[in-house]
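Colleague: Input structure: final03.cif, which contains mmCIF, C-alpha atoms; chains and numbers go by the auth columns.
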data_my_file
#
loop_
_atom_site.group_PDB
_atom_site.id
_atom_site.type_symbol
_atom_site.label_atom_id
_atom_site.label_comp_id
_atom_site.label_asym_id
_atom_site.label_seq_id
_atom_site.Cartn_x
_atom_site.Cartn_y
_atom_site.Cartn_z
_atom_site.B_iso_or_equiv
_atom_site.auth_seq_id
_atom_site.auth_asym_id
ATOM 1 C CA MET A 1 0.000 0.000 0.000 0.00 1 A
ATOM 2 C CA THR A 2 3.044 2.294 0.125 0.00 2 A
ATOM 3 C CA ALA A 3 2.558 3.471 -3.466 0.00 3 A
ATOM 4 C CA ALA A 4 -1.083 4.275 -2.796 0.00 4 A
ATOM 5 C CA ARG A 5 -0.305 6.182 0.420 0.00 5 A
ATOM 6 C CA SER A 6 2.266 8.294 -1.432 0.00 6 A
ATOM 7 C CA ARG A 7 -0.562 9.552 -3.674 0.00 7 A
ATOM 8 C CA LEU A 8 -2.655 10.912 -0.782 0.00 8 A
ATOM 9 C CA ILE A 9 -2.220 14.487 0.413 0.00 9 A
ATOM 10 C CA VAL A 10 -4.171 15.325 3.568 0.00 10 A
ATOM 11 C CA ALA A 11 -5.297 18.940 3.739 0.00 11 A
ATOM 12 C CA LEU A 12 -4.695 20.264 7.259 0.00 12 A
ATOM 13 C CA ASP A 13 -7.513 22.789 6.885 0.00 13 A
ATOM 14 C CA LEU A 14 -7.710 23.349 10.614 0.00 14 A
ATOM 15 C CA PRO A 15 -7.920 26.509 12.732 0.00 15 A
ATOM 16 C CA ASP A 16 -4.574 26.476 14.531 0.00 16 A
ATOM 17 C CA ARG A 17 -1.220 24.839 15.209 0.00 17 A
ATOM 18 C CA LYS A 18 -2.510 22.639 18.029 0.00 18 A
ATOM 19 C CA ALA A 19 -5.275 21.112 15.918 0.00 19 A
ATOM 20 C CA ALA A 20 -2.951 20.666 12.942 0.00 20 A
ATOM 21 C CA LEU A 21 -0.223 18.892 14.907 0.00 21 A
ATOM 22 C CA GLU A 22 -2.741 16.668 16.688 0.00 22 A
ATOM 23 C CA MET A 23 -4.188 15.606 13.337 0.00 23 A
ATOM 24 C CA LEU A 24 -0.710 15.068 11.930 0.00 24 A
ATOM 25 C CA ALA A 25 0.080 12.747 14.849 0.00 25 A
ATOM 26 C CA ARG A 26 -3.042 10.694 14.074 0.00 26 A
ATOM 27 C CA LEU A 27 -2.355 10.469 10.348 0.00 27 A
ATOM 28 C CA GLN A 28 1.425 10.424 9.912 0.00 28 A
ATOM 29 C CA GLY A 29 2.460 7.390 7.895 0.00 29 A
ATOM 30 C CA ARG A 30 -0.992 7.138 6.298 0.00 30 A
ATOM 31 C CA ALA A 31 -0.387 9.825 3.640 0.00 31 A
ATOM 32 C CA GLY A 32 2.475 10.969 1.461 0.00 32 A
ATOM 33 C CA CYS A 33 2.179 14.668 2.224 0.00 33 A
ATOM 34 C CA PHE A 34 0.255 17.199 4.321 0.00 34 A
ATOM 35 C CA LYS A 35 -1.175 20.433 2.947 0.00 35 A
ATOM 36 C CA VAL A 36 -0.805 23.721 4.791 0.00 36 A
ATOM 37 C CA GLY A 37 -3.225 26.186 3.233 0.00 37 A
ATOM 38 C CA LEU A 38 -3.830 29.895 3.455 0.00 38 A
ATOM 39 C CA GLU A 39 -5.897 29.973 6.662 0.00 39 A
ATOM 40 C CA LEU A 40 -3.424 27.959 8.704 0.00 40 A
ATOM 41 C CA PHE A 41 -0.338 29.646 7.248 0.00 41 A
ATOM 42 C CA VAL A 42 -1.694 33.151 7.909 0.00 42 A
ATOM 43 C CA ARG A 43 -2.461 32.230 11.520 0.00 43 A
ATOM 44 C CA GLU A 44 0.666 30.240 12.381 0.00 44 A
ATOM 45 C CA GLY A 45 3.274 31.397 9.887 0.00 45 A
ATOM 46 C CA PRO A 46 6.395 29.685 8.513 0.00 46 A
ATOM 47 C CA ARG A 47 7.293 28.133 11.858 0.00 47 A
ATOM 48 C CA LEU A 48 4.492 25.574 11.539 0.00 48 A
ATOM 49 C CA VAL A 49 5.861 24.377 8.191 0.00 49 A
ATOM 50 C CA GLU A 50 9.267 23.953 9.813 0.00 50 A
ATOM 51 C CA GLU A 51 7.704 22.029 12.716 0.00 51 A
ATOM 52 C CA ILE A 52 5.894 19.640 10.409 0.00 52 A
ATOM 53 C CA ARG A 53 9.073 19.087 8.416 0.00 53 A
ATOM 54 C CA ALA A 54 11.022 18.453 11.633 0.00 54 A
ATOM 55 C CA LEU A 55 8.520 15.711 12.502 0.00 55 A
ATOM 56 C CA GLY A 56 9.444 13.935 9.273 0.00 56 A
ATOM 57 C CA ALA A 57 6.409 14.814 7.146 0.00 57 A
ATOM 58 C CA ASP A 58 6.412 16.427 3.708 0.00 58 A
ATOM 59 C CA VAL A 59 4.527 19.702 3.265 0.00 59 A
ATOM 60 C CA PHE A 60 2.404 20.909 0.361 0.00 60 A
ATOM 61 C CA LEU A 61 2.362 24.691 0.881 0.00 61 A
ATOM 62 C CA ASP A 62 -0.827 25.784 -0.851 0.00 62 A
ATOM 63 C CA LEU A 63 -0.587 29.590 -0.905 0.00 63 A
ATOM 64 C CA LYS A 64 -1.903 30.110 -4.457 0.00 64 A
ATOM 65 C CA LEU A 65 0.453 33.026 -5.013 0.00 65 A
ATOM 66 C CA HIS A 66 -0.836 35.657 -7.441 0.00 66 A
ATOM 67 C CA ASP A 67 0.815 39.080 -7.777 0.00 67 A
ATOM 68 C CA ILE A 68 3.272 40.936 -9.988 0.00 68 A
ATOM 69 C CA PRO A 69 6.277 38.813 -11.091 0.00 69 A
ATOM 70 C CA ASN A 70 8.839 40.331 -8.718 0.00 70 A
ATOM 71 C CA THR A 71 6.593 39.939 -5.677 0.00 71 A
ATOM 72 C CA VAL A 72 5.719 36.333 -6.490 0.00 72 A
ATOM 73 C CA ALA A 73 9.357 35.471 -7.159 0.00 73 A
ATOM 74 C CA ALA A 74 10.361 36.850 -3.761 0.00 74 A
ATOM 75 C CA ALA A 75 7.537 34.942 -2.060 0.00 75 A
ATOM 76 C CA VAL A 76 8.543 31.720 -3.834 0.00 76 A
ATOM 77 C CA ARG A 77 12.142 32.114 -2.639 0.00 77 A
ATOM 78 C CA SER A 78 10.919 32.583 0.925 0.00 78 A
ATOM 79 C CA ALA A 79 8.545 29.619 0.729 0.00 79 A
ATOM 80 C CA SER A 80 11.192 27.406 -0.867 0.00 80 A
ATOM 81 C CA SER A 81 13.563 28.073 2.013 0.00 81 A
ATOM 82 C CA LEU A 82 11.076 26.364 4.355 0.00 82 A
ATOM 83 C CA GLY A 83 11.618 23.024 2.627 0.00 83 A
ATOM 84 C CA ALA A 84 8.104 22.589 1.269 0.00 84 A
ATOM 85 C CA ARG A 85 7.849 19.706 -1.185 0.00 85 A
ATOM 86 C CA MET A 86 5.119 21.416 -3.260 0.00 86 A
ATOM 87 C CA LEU A 87 4.087 25.053 -3.704 0.00 87 A
ATOM 88 C CA THR A 88 1.211 26.646 -5.632 0.00 88 A
ATOM 89 C CA VAL A 89 0.879 29.756 -7.797 0.00 89 A
ATOM 90 C CA HIS A 90 -2.170 30.912 -9.752 0.00 90 A
ATOM 91 C CA VAL A 91 -1.713 30.352 -13.491 0.00 91 A
ATOM 92 C CA SER A 92 -3.982 33.343 -14.162 0.00 92 A
ATOM 93 C CA GLY A 93 -1.081 35.553 -13.044 0.00 93 A
ATOM 94 C CA GLY A 94 0.314 35.126 -16.555 0.00 94 A
ATOM 95 C CA VAL A 95 3.388 33.622 -18.188 0.00 95 A
ATOM 96 C CA ARG A 96 5.831 36.273 -16.933 0.00 96 A
ATOM 97 C CA MET A 97 4.734 35.728 -13.350 0.00 97 A
ATOM 98 C CA LEU A 98 4.927 31.954 -13.747 0.00 98 A
ATOM 99 C CA ALA A 99 8.391 32.103 -15.304 0.00 99 A
ATOM 100 C CA ALA A 100 9.611 34.355 -12.496 0.00 100 A
ATOM 101 C CA ALA A 101 8.212 31.901 -9.941 0.00 101 A
ATOM 102 C CA ARG A 102 9.898 28.947 -11.653 0.00 102 A
ATOM 103 C CA THR A 103 13.257 30.716 -11.794 0.00 103 A
ATOM 104 C CA ALA A 104 12.980 31.656 -8.116 0.00 104 A
ATOM 105 C CA ALA A 105 12.071 28.098 -7.121 0.00 105 A
ATOM 106 C CA GLU A 106 15.080 26.703 -8.987 0.00 106 A
ATOM 107 C CA THR A 107 17.513 28.821 -6.995 0.00 107 A
ATOM 108 C CA GLY A 108 16.756 26.972 -3.762 0.00 108 A
ATOM 109 C CA GLU A 109 18.770 24.113 -2.335 0.00 109 A
ATOM 110 C CA ARG A 110 15.733 21.830 -2.479 0.00 110 A
ATOM 111 C CA PRO A 111 13.399 23.261 -5.149 0.00 111 A
ATOM 112 C CA PRO A 112 9.709 22.510 -4.545 0.00 112 A
ATOM 113 C CA LEU A 113 7.439 21.055 -7.189 0.00 113 A
ATOM 114 C CA LEU A 114 5.874 24.259 -8.491 0.00 114 A
ATOM 115 C CA LEU A 115 2.188 23.739 -9.253 0.00 115 A
ATOM 116 C CA GLY A 116 -0.058 25.992 -11.296 0.00 116 A
ATOM 117 C CA VAL A 117 -3.578 26.382 -9.938 0.00 117 A
ATOM 118 C CA THR A 118 -6.055 26.416 -12.815 0.00 118 A
ATOM 119 C CA ALA A 119 -9.756 26.893 -11.935 0.00 119 A
ATOM 120 C CA LEU A 120 -10.778 26.520 -8.294 0.00 120 A
ATOM 121 C CA THR A 121 -12.963 23.480 -7.630 0.00 121 A
ATOM 122 C CA SER A 122 -15.642 25.774 -6.194 0.00 122 A
ATOM 123 C CA LEU A 123 -16.243 27.314 -9.649 0.00 123 A
ATOM 124 C CA ALA A 124 -18.850 26.129 -12.129 0.00 124 A
ATOM 125 C CA ASP A 125 -19.539 27.098 -15.746 0.00 125 A
ATOM 126 C CA SER A 126 -21.935 29.800 -14.533 0.00 126 A
ATOM 127 C CA ASP A 127 -19.057 31.421 -12.650 0.00 127 A
ATOM 128 C CA ALA A 128 -16.921 31.350 -15.791 0.00 128 A
ATOM 129 C CA ASP A 129 -19.728 33.150 -17.627 0.00 129 A
ATOM 130 C CA GLN A 130 -19.880 35.845 -14.937 0.00 130 A
ATOM 131 C CA LEU A 131 -16.116 36.306 -15.188 0.00 131 A
ATOM 132 C CA GLY A 132 -16.371 36.747 -18.957 0.00 132 A
ATOM 133 C CA ILE A 133 -14.515 33.516 -19.735 0.00 133 A
ATOM 134 C CA GLY A 134 -15.782 31.846 -22.878 0.00 134 A
ATOM 135 C CA GLY A 135 -15.907 28.115 -23.483 0.00 135 A
ATOM 136 C CA GLY A 136 -16.715 27.062 -19.939 0.00 136 A
ATOM 137 C CA ILE A 137 -14.455 25.724 -17.207 0.00 137 A
ATOM 138 C CA ALA A 138 -12.981 22.808 -19.171 0.00 138 A
ATOM 139 C CA GLY A 139 -11.666 24.981 -21.992 0.00 139 A
ATOM 140 C CA TRP A 140 -10.363 27.578 -19.571 0.00 140 A
ATOM 141 C CA VAL A 141 -8.477 24.959 -17.556 0.00 141 A
ATOM 142 C CA GLU A 142 -6.816 23.593 -20.676 0.00 142 A
ATOM 143 C CA ARG A 143 -5.732 27.077 -21.766 0.00 143 A
ATOM 144 C CA LEU A 144 -4.285 27.716 -18.316 0.00 144 A
ATOM 145 C CA GLY A 145 -2.521 24.364 -18.453 0.00 145 A
ATOM 146 C CA ARG A 146 -0.846 25.396 -21.700 0.00 146 A
ATOM 147 C CA LEU A 147 0.426 28.618 -20.094 0.00 147 A
ATOM 148 C CA ALA A 148 1.837 26.701 -17.127 0.00 148 A
ATOM 149 C CA SER A 149 3.537 24.240 -19.459 0.00 149 A
ATOM 150 C CA GLU A 150 5.062 27.033 -21.527 0.00 150 A
ATOM 151 C CA ALA A 151 6.416 28.645 -18.347 0.00 151 A
ATOM 152 C CA GLY A 152 8.075 25.389 -17.311 0.00 152 A
ATOM 153 C CA LEU A 153 6.028 24.562 -14.220 0.00 153 A
ATOM 154 C CA GLY A 154 6.189 20.992 -12.974 0.00 154 A
ATOM 155 C CA GLY A 155 2.502 20.382 -12.448 0.00 155 A
ATOM 156 C CA LEU A 156 -1.075 21.579 -12.308 0.00 156 A
ATOM 157 C CA VAL A 157 -3.867 21.710 -9.765 0.00 157 A
ATOM 158 C CA ALA A 158 -7.272 21.011 -11.281 0.00 158 A
ATOM 159 C CA SER A 159 -10.548 19.323 -10.448 0.00 159 A
ATOM 160 C CA PRO A 160 -11.186 15.631 -11.175 0.00 160 A
ATOM 161 C CA LEU A 161 -13.466 16.577 -14.056 0.00 161 A
ATOM 162 C CA GLU A 162 -10.568 18.051 -16.057 0.00 162 A
ATOM 163 C CA THR A 163 -7.978 15.455 -15.105 0.00 163 A
ATOM 164 C CA ALA A 164 -8.322 13.092 -18.063 0.00 164 A
ATOM 165 C CA ARG A 165 -8.186 15.953 -20.558 0.00 165 A
ATOM 166 C CA LEU A 166 -5.105 17.447 -18.888 0.00 166 A
ATOM 167 C CA ARG A 167 -3.360 14.064 -18.668 0.00 167 A
ATOM 168 C CA ALA A 168 -3.799 13.558 -22.401 0.00 168 A
ATOM 169 C CA ARG A 169 -2.681 17.103 -23.217 0.00 169 A
ATOM 170 C CA PHE A 170 0.253 17.369 -20.774 0.00 170 A
ATOM 171 C CA PRO A 171 1.552 13.832 -20.134 0.00 171 A
ATOM 172 C CA ALA A 172 4.764 14.948 -18.386 0.00 172 A
ATOM 173 C CA MET A 173 3.161 17.287 -15.847 0.00 173 A
ATOM 174 C CA LYS A 174 2.188 16.159 -12.350 0.00 174 A
ATOM 175 C CA LEU A 175 -1.543 16.499 -11.679 0.00 175 A
ATOM 176 C CA VAL A 176 -2.612 17.329 -8.136 0.00 176 A
ATOM 177 C CA VAL A 177 -6.356 16.931 -7.753 0.00 177 A
ATOM 178 C CA PRO A 178 -8.541 18.360 -4.974 0.00 178 A
ATOM 179 C CA GLY A 179 -12.332 18.045 -4.847 0.00 179 A
ATOM 180 C CA ILE A 180 -12.086 14.378 -3.854 0.00 180 A
ATOM 181 C CA ARG A 181 -15.186 13.008 -2.190 0.00 181 A
ATOM 182 C CA PRO A 182 -15.617 9.313 -1.318 0.00 182 A
ATOM 183 C CA SER A 183 -18.956 7.780 -2.263 0.00 183 A
ATOM 184 C CA GLY A 184 -21.746 9.224 -0.140 0.00 184 A
ATOM 185 C CA ALA A 185 -19.713 12.185 1.143 0.00 185 A
ATOM 186 C CA ASP A 186 -21.145 15.712 1.056 0.00 186 A
ATOM 187 C CA SER A 187 -19.591 17.826 -1.707 0.00 187 A
ATOM 188 C CA GLY A 188 -19.725 20.930 0.518 0.00 188 A
ATOM 189 C CA ASP A 189 -18.649 24.059 -1.389 0.00 189 A
ATOM 190 C CA GLN A 190 -16.986 22.039 -4.159 0.00 190 A
ATOM 191 C CA ALA A 191 -18.738 22.204 -7.532 0.00 191 A
ATOM 192 C CA ARG A 192 -16.565 19.719 -9.456 0.00 192 A
ATOM 193 C CA THR A 193 -15.829 16.533 -7.510 0.00 193 A
ATOM 194 C CA ALA A 194 -15.154 12.813 -7.996 0.00 194 A
ATOM 195 C CA ALA A 195 -14.366 9.697 -6.006 0.00 195 A
ATOM 196 C CA PRO A 196 -10.714 8.709 -5.426 0.00 196 A
ATOM 197 C CA LEU A 197 -10.858 5.713 -7.756 0.00 197 A
ATOM 198 C CA GLU A 198 -12.283 7.838 -10.596 0.00 198 A
ATOM 199 C CA ALA A 199 -9.648 10.549 -10.201 0.00 199 A
ATOM 200 C CA ILE A 200 -6.709 8.141 -10.183 0.00 200 A
ATOM 201 C CA ARG A 201 -8.026 6.288 -13.222 0.00 201 A
ATOM 202 C CA ALA A 202 -8.413 9.622 -15.011 0.00 202 A
ATOM 203 C CA GLY A 203 -4.684 10.282 -14.530 0.00 203 A
ATOM 204 C CA ALA A 204 -4.258 12.085 -11.199 0.00 204 A
ATOM 205 C CA ASP A 205 -0.836 11.757 -9.599 0.00 205 A
ATOM 206 C CA TYR A 206 -1.899 13.036 -6.175 0.00 206 A
ATOM 207 C CA LEU A 207 -5.274 13.464 -4.464 0.00 207 A
ATOM 208 C CA VAL A 208 -5.900 16.242 -1.932 0.00 208 A
ATOM 209 C CA VAL A 209 -8.455 15.264 0.706 0.00 209 A
ATOM 210 C CA GLY A 210 -9.545 17.374 3.654 0.00 210 A
ATOM 211 C CA ARG A 211 -13.016 17.263 5.186 0.00 211 A
ATOM 212 C CA PRO A 212 -13.820 13.592 4.433 0.00 212 A
ATOM 213 C CA ILE A 213 -10.812 12.701 6.617 0.00 213 A
ATOM 214 C CA LEU A 214 -10.708 15.571 9.112 0.00 214 A
ATOM 215 C CA GLN A 215 -14.408 15.402 9.963 0.00 215 A
ATOM 216 C CA ALA A 216 -14.605 11.607 10.167 0.00 216 A
ATOM 217 C CA ALA A 217 -15.230 9.947 13.532 0.00 217 A
ATOM 218 C CA ASP A 218 -11.971 8.051 12.932 0.00 218 A
ATOM 219 C CA PRO A 219 -9.702 10.110 10.632 0.00 219 A
ATOM 220 C CA ALA A 220 -7.081 7.354 10.399 0.00 220 A
ATOM 221 C CA ALA A 221 -9.653 4.807 9.258 0.00 221 A
ATOM 222 C CA ALA A 222 -11.085 7.302 6.761 0.00 222 A
ATOM 223 C CA ALA A 223 -7.611 7.877 5.318 0.00 223 A
ATOM 224 C CA GLU A 224 -7.024 4.134 5.030 0.00 224 A
ATOM 225 C CA ARG A 225 -10.305 3.696 3.125 0.00 225 A
ATOM 226 C CA ILE A 226 -9.214 6.323 0.624 0.00 226 A
ATOM 227 C CA VAL A 227 -5.772 4.731 0.314 0.00 227 A
ATOM 228 C CA ALA A 228 -7.451 1.381 -0.376 0.00 228 A
ATOM 229 C CA GLU A 229 -9.508 2.953 -3.151 0.00 229 A
ATOM 230 C CA ILE A 230 -6.374 4.552 -4.636 0.00 230 A
ATOM 231 C CA ALA A 231 -4.638 1.148 -4.526 0.00 231 A
ATOM 232 C CA GLU A 232 -7.568 -0.416 -6.380 0.00 232 A
ATOM 233 C CA ALA A 233 -7.184 2.117 -9.172 0.00 233 A
ATOM 234 C CA LEU A 234 -3.418 1.793 -9.603 0.00 234 A
ATOM 235 C CA PRO A 235 -2.078 -0.476 -12.375 0.00 235 A
ATOM 236 C CA GLY A 236 -1.019 -3.890 -11.163 0.00 236 A
#
What does the file become when written as structure tokens?
Modeller:
Amino acid sequence: MTAARSRLIVALDLPDRKAALEMLARLQGRAGCFKVGLELFVREGPRLVEEIRALGADVFLDLKLHDIPNTVAAAVRSASSLGARMLTVHVSGGVRMLAAARTAAETGERPPLLLGVTALTSLADSDADQLGIGGGIAGWVERLGRLASEAGLGGLVASPLETARLRARFPAMKLVVPGIRPSGADSGDQARTAAPLEAIRAGADYLVVGRPILQAADPAAAAERIVAEIAEALPG
């Protein structure tokens, strides 16, 4: 099951350091990586990332950076110095911003896998219409994927519904897929979701799972059920 566990990223979408470290203690060894997102990072700062790393866990630092190229490059250098395994930037910042982020990431001693966030999983086609984006979410995501590829990013973040299309279009890029909901789970504020088995079969490299694990009566057991479903979907 080691290969399957390496594909699971648990989102530590929790209110503070204490809750995050308690959950990490319950789940360490059951996932390949742990996500520190905007809420937790703003509250606890870089020190929490360093603490998690010191405990032997890999960190996916999901800050979704989006600003002018120089500002994003500086932020990427700072984030890279924390030893995060993965780091996100918004592709909609444009090719110059993405290229600056990539160059900054490469200067570090241990460069993170730089991931381009395409369309948030909370968005639907109606939101794309309101934003003036033609062709719906699927077409938009593919266009953003092309920009990220041109800028030399190592991977993309996209919903399960776009995964197969992105895998076919960008076979060398890593695909990190949130919006994962086991059968029967509430989709919450996610508009574009799928089960773990479906996402892996569509070509996802990593699955990001938060609430279905964090809010379970037994988070460790919930993580193991998702790992078992990932294992079922893997070749061989």
Colleague: Please measure the separation of atom CA of A:Val72 and atom CA of A:Ser126, giving the value in Å to one decimal.
Modeller: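 Taking atom CA of A:Val72 as the start and atom CA of A:Ser126 as the end point, the length is 29.5 Å.
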Colleague: Go through A:Leu14, A:Val176, A:Ala195, A:Leu113 and flag the residue nearest A:Arg225, using only C-alpha atoms for the distances.
Modeller: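 So, comparing all the options, the nearest one is A:Ala195.
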Colleague: Using all atoms listed in the file, determine which residues lie at most 9 Å from A:Glu150, disregarding the query and same-chain residues fewer than 4 positions distant; provide the list as a ChimeraX atom specification.
Modeller: /A:95,99,145-146
Colleague: Starting from the displayed file, determine the output of the PyMOL selection byres ((chain A and resi 18) around 12) and express the residue list as a list of chain:residue names.
Modeller: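 Applying the expression gives A:Leu12, A:Leu14, A:Pro15, A:Asp16, A:Arg17, A:Ala19, A:Ala20, A:Leu21, A:Glu22, A:Met23, A:Leu24, A:Ala25, A:Leu40, A:Arg43, A:Glu44, A:Leu48, A:Glu51, A:Ile52.
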Colleague: Please measure the separation of atom CA of A:Leu114 and atom CA of A:Ala194, giving the value in Å to one decimal.
Modeller: 23.9 Å
Colleague: Evaluating the PyMOL selection byres ((chain A and resi 28) around 12) on the displayed file yields which residues, as a ChimeraX atom specification?
Modeller: /A:5-6,8-10,12,20-27,29-34,52-53,55-59,219-220,223-224
